[in-house]
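> One structure coming up, written as structure tokens, with questions to follow.
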Amino acid sequence: MGDRGYRKAGRRCRGKAHQARPVQKAVSDFKLTTTGIGTISELALLRDIGLTYNACAMTSEIAIDEGSGRSELRMLADLDGYVVLPGIAAGRPTDRVAEELGQVMLLSGGKLVQELTPKATSTPNTYSGLFGLDRFPFHTDLAHWLIPPRYLLLRCIRGYADVPTMILDGRAIASDVGADLMGRALVRPRRPRRGEVRMLRLRQSDGTDDIIRWDIEYLKPASHVGELVFSNFQNRVEEATPTAAVMVDDGDVLIIDNWRMLHARPAIAPNRRDRRLQRVYLRSLA
């Protein structure tokens, strides 16, 4: 089932209720006749009509929308703020998959792929050091940077359905708090970075998109408005209902828009301590 089949099924899906049967048949054909390979459009179709699937999106088949110039992957990320790609990295190294999906970022020390495993204790300047196996709070990664990474890619090595990555739409929360107030709210990193303490705003622009930064541990209010907005934002985070992004199989990949979405980790039970993810930061998507 190629892109043409997807577009046809999509038109049927938007039709009347009695036209749903051909869509089910088309999706069934996809599941039966492929060998676990589908385009991102097909994965989105399966997601939208609520079917369970376990397919691999071929990065070589990511199409570019001629009108917007954005790839299908970027459009999906823009739509929901995150994308789950089941099985896309199965049998393949994480660094190679990340390089195909976007422009990768090397952190200090030249490390591209980071290993994420639950730890009861760790260095005090990390979430594992602060929270151990307890729940991690909602945050955006590297919020204390002037320009944080745009996307983070999480690749599942060993996952569990009851230990998902929890996601909240930070841009929606910021809108509720007030975009102007968010832009005036000054915060500072908890610790100096490169010997310097730089004032930051909870909402800023890079010239094209808004950046929402949030980390209750590593950012501290630095003004009266900052204190009020910080408290208001945190209250709304605690009241919000998160989405669970589940990765279970080796090769499942989750991409999160780090300028928009907050993410968190549930507490780790004793029989889930072998959960293992790998993380890569991306400047942009392919």
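Labels used: A, B, ... for chains in the order of the structure tokens, numbers from 1 for residues in each chain, and numbers from 1 for ligands as shown.
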Could you pull out the strand (DSSP E) residues of stretch 127-273 of chain A, going by DSSP on the backbone, and write them as a PyMOL selection string?
chain A and resi 136-139+151-158+165-169+186-189+200-201+203-205+210-212+219-221+243-245+253-257+261-265
> I want to know what sits within 7 Å of A:Tyr281, based on only C-alpha atoms, with residues of the same chain fewer than 2 positions away left out; could you give that as a PyMOL selection string?
chain A and resi 104-105+149+151-153+279+283
> Using only C-alpha atoms, which of the listed residues (A:Cys156, A:Trp259, A:Arg150, A:Thr165) sits closest to A:Arg203?
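Closest candidate: A:Trp259.
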> Kindly indicate which residue among A:Asp162, A:Thr121, A:Leu85, A:Leu79 lies nearest to A:Asn271, using only C-alpha atoms for the distances.
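For A:Asn271, the nearest of the given residues is A:Asp162.
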> Considering only C-alpha atoms, state which residue in the set A:Leu200, A:Val163, A:Ile173, A:Leu219 is at the smallest distance from A:Arg236.
A:Ile173
> Can you tell me which residues surround A:Pro192 at a distance of at most 12 Å, considering only C-alpha atoms, apart from same-chain residues fewer than 4 positions away, and format the answer as JSON, numbers by chain?
{"A": [144, 145, 188, 196, 197, 198, 199, 218, 219]}
> Could you dump the residues just selected with C-alpha atoms as a PDB file, in the first residue's frame?

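Everything below was put into selection32.pdb:
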```
ATOM      1  CA  HIS A 144      18.887  26.258  31.189  1.00  0.00           C
ATOM      2  CA  TRP A 145      20.481  26.619  27.744  1.00  0.00           C
ATOM      3  CA  ARG A 188      17.815  31.888  35.945  1.00  0.00           C
ATOM      4  CA  GLU A 196      28.026  32.599  33.780  1.00  0.00           C
ATOM      5  CA  VAL A 197      24.489  33.036  35.115  1.00  0.00           C
ATOM      6  CA  ARG A 198      22.304  34.185  32.232  1.00  0.00           C
ATOM      7  CA  MET A 199      18.779  35.515  32.639  1.00  0.00           C
ATOM      8  CA  TYR A 218      17.051  23.630  37.239  1.00  0.00           C
ATOM      9  CA  LEU A 219      15.284  26.966  36.675  1.00  0.00           C
TER      10      LEU A 219
END
```
> Using DSSP on the backbone, list every residue of stretch 86-197 of chain A that comes out as alpha helix (DSSP H), and give them as a ChimeraX atom specification.
/A:94-101,127-131,170-177,179-184
> When you look at A:Tyr82 with a cut-off of 9 Å (counting only C-alpha atoms), what residues show up, excluding the ones that are within fewer than 6 positions of it in the same chain? I need them as a list in words.
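Everything that qualifies: Leu76, Ile167, Ala245, Leu254, Ile255, Ile256, Asp257 and Met261 of chain A.
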> Could you take the residues named above and write them with all heavy atoms, as a compact mmCIF listing (two decimals), in the first residue's frame?

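Printed below is out-v9.txt as written:
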```
# COMPACT_ATOMS: atom_id res chain seq x y z
N LEU A 76 3.80 15.74 11.20
CA LEU A 76 3.24 14.99 12.32
C LEU A 76 3.73 15.56 13.65
O LEU A 76 2.97 15.66 14.61
CB LEU A 76 3.63 13.51 12.21
CG LEU A 76 2.89 12.68 11.16
CD1 LEU A 76 3.47 11.28 11.10
CD2 LEU A 76 1.40 12.63 11.44
N ILE A 167 3.66 12.97 28.56
CA ILE A 167 3.83 14.17 27.75
C ILE A 167 2.70 15.17 28.03
O ILE A 167 1.54 14.78 28.15
CB ILE A 167 3.86 13.82 26.25
CG1 ILE A 167 5.06 12.90 25.95
CG2 ILE A 167 3.95 15.07 25.39
CD1 ILE A 167 5.10 12.41 24.52
N ALA A 245 3.07 8.16 26.04
CA ALA A 245 3.71 7.68 24.82
C ALA A 245 4.42 6.37 25.16
O ALA A 245 5.40 6.36 25.89
CB ALA A 245 4.70 8.71 24.29
N LEU A 254 10.55 7.47 19.81
CA LEU A 254 9.69 8.60 20.16
C LEU A 254 10.46 9.89 19.90
O LEU A 254 11.59 10.05 20.37
CB LEU A 254 9.29 8.53 21.64
CG LEU A 254 8.63 9.76 22.26
CD1 LEU A 254 7.29 10.06 21.59
CD2 LEU A 254 8.46 9.58 23.76
N ILE A 255 9.87 10.79 19.11
CA ILE A 255 10.46 12.10 18.86
C ILE A 255 9.57 13.15 19.52
O ILE A 255 8.36 13.17 19.31
CB ILE A 255 10.59 12.38 17.35
CG1 ILE A 255 11.57 11.38 16.72
CG2 ILE A 255 11.06 13.81 17.11
CD1 ILE A 255 11.67 11.51 15.22
N ILE A 256 10.17 14.02 20.33
CA ILE A 256 9.43 15.04 21.07
C ILE A 256 9.93 16.42 20.66
O ILE A 256 11.14 16.65 20.58
CB ILE A 256 9.62 14.86 22.59
CG1 ILE A 256 9.12 13.49 23.04
CG2 ILE A 256 8.90 15.97 23.36
CD1 ILE A 256 9.40 13.19 24.51
N ASP A 257 8.99 17.33 20.39
CA ASP A 257 9.33 18.73 20.14
C ASP A 257 9.67 19.37 21.48
O ASP A 257 8.79 19.70 22.28
CB ASP A 257 8.15 19.44 19.48
CG ASP A 257 8.47 20.88 19.09
OD1 ASP A 257 9.46 21.44 19.60
OD2 ASP A 257 7.71 21.46 18.29
N MET A 261 6.77 20.66 24.06
CA MET A 261 6.21 19.65 24.94
C MET A 261 7.06 19.44 26.20
O MET A 261 8.29 19.49 26.15
CB MET A 261 6.09 18.31 24.20
CG MET A 261 5.41 18.40 22.84
SD MET A 261 3.72 19.02 22.90
CE MET A 261 2.86 17.60 23.59
```
> Rank A:Ala90, A:Ala143, A:Val246, A:Leu116 by their smallest atom-to-atom distance to A:Asn258, using only C-alpha atoms, and report the top residue only.
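Of the candidates, the smallest distance to A:Asn258 is held by A:Ala143.
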> What is the atom CA of A:Thr241-atom CA of A:Tyr160 distance in Å, reported with one decimal?
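About the pair atom CA of A:Thr241 and atom CA of A:Tyr160: they are 20.4 Å apart.
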> Skipping near chain neighbours, those fewer than 4 positions away, what residues fall within 10 Å of A:Val237 using only C-alpha atoms, listed as a ChimeraX atom specification?
/A:137-139,168-170,173,231-233,241-242,262
> Now that the selection is made, can you save its residues with C-alpha atoms as a short mmCIF file (atom, residue, chain, number, x, y, z; two decimals), in the first residue's frame?

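The resulting again_19.cif:
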```
data_model
loop_
_atom_site.label_atom_id
_atom_site.label_comp_id
_atom_site.auth_asym_id
_atom_site.auth_seq_id
_atom_site.Cartn_x
_atom_site.Cartn_y
_atom_site.Cartn_z
CA PRO A 137 8.80 15.88 37.16
CA PHE A 138 7.63 17.37 33.88
CA HIS A 139 10.33 19.39 32.16
CA LEU A 168 2.12 17.54 28.25
CA ASP A 169 1.63 20.35 25.73
CA GLY A 170 3.66 23.17 27.26
CA ILE A 173 -0.30 25.61 29.17
CA SER A 231 3.88 29.28 40.34
CA ASN A 232 0.91 29.59 37.97
CA PHE A 233 2.56 27.41 35.33
CA THR A 241 -3.88 15.29 32.17
CA PRO A 242 -0.79 13.95 30.38
CA LEU A 262 7.04 18.77 28.54
#
```
> What's the separation between atom CA of A:Val83 and atom CA of A:Asp215, in Å to one decimal place?
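A separation of 22.1 Å between them.
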